[in-house]
Every structure is written in C-alpha cells, then in structure tokens.
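Written out below as structure tokens is the structure these notes cover.
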Amino acid sequence: MNVEHKHIIVDSTKLQEILSNLISNAIKYTSAGGKVTIDTKELPYDKEGYVLIQTKVTDTGIGMSKEFLPSLFELFTRERNTTLSKIPGTGLGMAIVKNFVDLMNGSIEVESELGKGSTFTITIPHKIANKDYTNRNIESSNEFDINFMGKRILLAEDNELNAEITTTILSEMGFEVKAVEDGILCVNEIQHQPANTYDLILMDIQMPNMDGYKATHCIRRLLQPEKANIPIIAMSANAFEEDKKKAFDVKMNDYITKPIDFQKMEQVLKHILSK
C-alpha cells in the first residue's frame, strides 16, 4: 500500500463489495500454491480536494480467454473453464462490481490469459476528509445505534440485478433478506407468514402484476395490526414530489430514490427501526 491521504469520504459499503468480489474470485480461481497480490496506491490527480486511488488485484489462477473478456461484466456470464471445473458461482459478481465502480465515477480494467492468471485494476476518485469531519461523522453515525443482526427484511423488487445487489448489501449490514418479484407475492408473504416474521419491507414502486402503492394499500388493510403496521420504505427512480406524496398517502414510512445510496439507506433503516 502506498497512500498519502488516509482520511477519505467514501461509500464504504460499495467499496467493500467491489474488493470482496475481486479478492474472493482471485482466491477461488487460484489453486493451492498460487499467489494473490493486492496493490493499492495513490495516483496524481488535479481535482482539488480529491484523491485518486488505484487498486490492483492480481492472481496466478486459471485466467480467462481473450474471447471471453468483452462479455465479462455482463449478467450471468461465466468462462467455460470455470463451469467445467465445477467452481461455484452465479455469474453476477462482476456485473455488480462494474455497476458499483460506475456509480462511484471510477473505472475498471482487466488483463488475463488462460492458465496464467488475471489482473483487475480499479481506479476511483474520493473526496479528501479532514480529521474534524471524520470525528463528526463518527458521532453522527452513532445517533441511532441499531444492531441489524438477525433483523429480517422483505424486499419487493422485480429487477434481478437490483435485488441481488440490495440483498448482498443488506446481508453485509446484518439483515436476513427474502426477495420477491412483485407486489402480489409481497402481500401474500405478509399474509401467510406469522406476525412479526419481518421487521420491515423495502418496496419497489414500479413492479409487474401489482405495483408498490397497491401492495402497500393491501397490507395496510390487513386485519392483524402487527402485519398492517409493518414499516414500509418505498424505492423508486422517480424523485418527484408527487411520487413521494403518493407514497405517504398510502401510509409508507419513508422514500428512497434509485440508484440507491446505501449509506443513506442505512441511516433511513436505523431511523425507522429505532422507533
């Protein structure tokens, strides 16, 4: 590691997910006796108040063919040698990495050769934080000191990649997550499970069969108060005031816009679950 500025403002949840995917893949695809190297350094950067950090994850594993590399970051794609060797995987990890790197205004490059290993290089700009900011941030994060371990969330989200990313992040926060694809399945799950099975619902607004507004309306009309009053947080790409008003009109508890800022989501979850 060769970094001068060690206090930065960063979405640590996204960055942790990026590095966890790259490093776990490097280990998974490298046989015993191989080598995985992580090199982090600060690069020259001319934007005042910001720092550019580059991290390389290099392994001596099975590598990838040149033909496969252009499709590496697409959903559900896996190199044939990984499936033949029965190495487990969903083909979602690299799509998640690419999505997060893009959200953080960074870049990712890959060099690989079959039988010789791979090198992934991520370069991301971060805002420099002074120590006063760091201390304030620690104090504010303790405002709602909630332990998420063991708490259960029902996630209603029809986009498979969004559901995978959100489930991964929430699981790392400590939540147990069940995902369903539409409002009907969400309502059915609340109806048929015992009261207090879930602590909270994350409800996408635009879903097939039944949207988030209608699903919330149905849940709020359930006869058991413990089910009818479960906290529900809306998730929507629409940030218009009329959309937020409609969410609150059907008695949703809060509203998060997409693409999701997971640090803000964490604060919303702490606030809701502290009540």
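Within each chain, counting starts at residue 1; across the structure tokens, chains are named A, B, ... in the order shown, with ligands numbered 1 upward in that order.
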**Study point:** Which of stretch 98-248 of chain A DSSP labels strand (DSSP E or B), written as number ranges by chain
**Key:** A: 107-113, 117-128, 152-156, 176-180, 200-204, 232-236
**Study point:** Nearby residues (only C-alpha atoms) at most 12 Å from A:Lys47, same-chain spacing under 6 positions excluded, as a VMD selection string
**Key:** chain A and resid 125 to 128
Convert the current residue selection to file output with all heavy atoms, as a PDB file, in the first residue's frame.
ATOM      1  N   PRO A 125     -11.971   7.985  -7.808  1.00  0.00           N
ATOM      2  CA  PRO A 125     -11.697   9.233  -7.081  1.00  0.00           C
ATOM      3  C   PRO A 125     -12.485   9.301  -5.779  1.00  0.00           C
ATOM      4  O   PRO A 125     -13.618   8.827  -5.708  1.00  0.00           O
ATOM      5  CB  PRO A 125     -12.172  10.313  -8.059  1.00  0.00           C
ATOM      6  CG  PRO A 125     -13.260   9.640  -8.846  1.00  0.00           C
ATOM      7  CD  PRO A 125     -12.910   8.182  -8.925  1.00  0.00           C
ATOM      8  N   HIS A 126     -11.877   9.871  -4.744  1.00  0.00           N
ATOM      9  CA  HIS A 126     -12.545  10.030  -3.455  1.00  0.00           C
ATOM     10  C   HIS A 126     -12.300  11.440  -2.931  1.00  0.00           C
ATOM     11  O   HIS A 126     -11.223  12.006  -3.148  1.00  0.00           O
ATOM     12  CB  HIS A 126     -12.007   9.033  -2.421  1.00  0.00           C
ATOM     13  CG  HIS A 126     -12.082   7.610  -2.847  1.00  0.00           C
ATOM     14  ND1 HIS A 126     -13.268   6.932  -2.936  1.00  0.00           N
ATOM     15  CD2 HIS A 126     -11.108   6.740  -3.226  1.00  0.00           C
ATOM     16  CE1 HIS A 126     -13.021   5.685  -3.335  1.00  0.00           C
ATOM     17  NE2 HIS A 126     -11.723   5.548  -3.521  1.00  0.00           N
ATOM     18  N   LYS A 127     -13.275  11.974  -2.228  1.00  0.00           N
ATOM     19  CA  LYS A 127     -13.105  13.281  -1.601  1.00  0.00           C
ATOM     20  C   LYS A 127     -12.236  13.143  -0.357  1.00  0.00           C
ATOM     21  O   LYS A 127     -12.411  12.221   0.440  1.00  0.00           O
ATOM     22  CB  LYS A 127     -14.461  13.878  -1.233  1.00  0.00           C
ATOM     23  CG  LYS A 127     -14.393  15.347  -0.838  1.00  0.00           C
ATOM     24  CD  LYS A 127     -15.790  15.938  -0.689  1.00  0.00           C
ATOM     25  CE  LYS A 127     -15.698  17.423  -0.372  1.00  0.00           C
ATOM     26  NZ  LYS A 127     -17.035  18.037  -0.233  1.00  0.00           N
ATOM     27  N   ILE A 128     -11.285  14.058  -0.201  1.00  0.00           N
ATOM     28  CA  ILE A 128     -10.408  14.036   0.969  1.00  0.00           C
ATOM     29  C   ILE A 128     -11.159  14.581   2.174  1.00  0.00           C
ATOM     30  O   ILE A 128     -11.836  15.599   2.097  1.00  0.00           O
ATOM     31  CB  ILE A 128      -9.135  14.871   0.708  1.00  0.00           C
ATOM     32  CG1 ILE A 128      -8.355  14.289  -0.471  1.00  0.00           C
ATOM     33  CG2 ILE A 128      -8.255  14.918   1.958  1.00  0.00           C
ATOM     34  CD1 ILE A 128      -7.223  15.174  -0.960  1.00  0.00           C
TER      35      ILE A 128
END
Exercise for review: For stretch 20-34 of chain A, list every protein, DNA or RNA residue within 9 Å, evaluated using only C-alpha atoms, and leave out those in the same chain fewer than 5 positions away; present the list as a ChimeraX atom specification.
Suggested key: /A:15,57-63,82,87,93-94,96-97,117-120
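Note that the spacing between atom CA of A:Thr40 and atom CA of A:Leu52 amounts to 10.7 Å.
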**Study point:** Which of A:Met265, A:Leu19, A:Val250, A:Leu103 sits closest to A:Thr166 [using only C-alpha atoms]
**Key:**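 Closest to A:Thr166, using only C-alpha atoms: A:Met265.
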Exercise for review: Name all residues at most 6 Å from A:Glu181 (count only C-alpha atoms; drop same-chain ones fewer than 2 positions away) and give them as a list in words.
Suggested key: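 Answer for this query is Ala156, Glu157 and Asp158 of chain A.
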So that I have them on file, write out the residues from the current selection with N, CA, C and O atoms, as a PDB file, in the first residue's frame.
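Contents of result-v2.pdb, freshly written:
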ATOM      1  N   ALA A 156     -39.225  -6.325  -2.003  1.00  0.00           N
ATOM      2  CA  ALA A 156     -40.056  -6.471  -3.201  1.00  0.00           C
ATOM      3  C   ALA A 156     -39.389  -5.704  -4.337  1.00  0.00           C
ATOM      4  O   ALA A 156     -39.401  -4.474  -4.352  1.00  0.00           O
ATOM      5  N   GLU A 157     -38.796  -6.421  -5.295  1.00  0.00           N
ATOM      6  CA  GLU A 157     -38.001  -5.803  -6.369  1.00  0.00           C
ATOM      7  C   GLU A 157     -38.018  -6.732  -7.575  1.00  0.00           C
ATOM      8  O   GLU A 157     -37.611  -7.891  -7.477  1.00  0.00           O
ATOM      9  N   ASP A 158     -38.495  -6.221  -8.730  1.00  0.00           N
ATOM     10  CA  ASP A 158     -38.617  -7.086  -9.901  1.00  0.00           C
ATOM     11  C   ASP A 158     -37.348  -7.142 -10.741  1.00  0.00           C
ATOM     12  O   ASP A 158     -37.183  -8.060 -11.548  1.00  0.00           O
TER      13      ASP A 158
END
Review point. Within 6 Å of A:Met64, counting only C-alpha atoms, which residues qualify if same-chain residues fewer than 2 places away don't, as an NGL selection string?
Key: :A and (112-114)
Exercise for review: Would you list, as number ranges by chain, the residues of stretch 1-200 of chain A that end up in helix (DSSP H, G or I) under DSSP run on this structure's backbone?
Suggested key: A: 12-28, 69-71, 80-84, 93-103, 131-141, 160-173, 183-192
Point to revise | Proximity to A:Tyr45 - best of A:Gln206, A:Asn147, A:Ser274, A:Thr123, only C-alpha atoms | key: A:Thr123
Check your understanding: Excluding same-chain residues fewer than 5 positions from A:Lys6, what lies within 10 Å of it counting only C-alpha atoms, as a list in words?
Key -> Glu42, Val51, Ile128, Ala129 and Asn130 of chain A
**Study point:** Counting only C-alpha atoms, the residue of A:Ile190, A:Ile53, A:Ile122, A:Ala237 that sits nearest A:Thr216
**Key:**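 With only C-alpha atoms as the atom set, the closest residue is A:Ile190.
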Practice item. Take atom CA of A:Val3 and atom CA of A:Lys41 and report the distance between them in Å, one decimal. Key: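 A separation of 5.3 Å between them.
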Point to revise | Closest of A:Ile18, A:Met210, A:Ala95, A:Ile124 to A:Asn162 - atom-to-atom distances counting only C-alpha atoms | key: A:Ala95
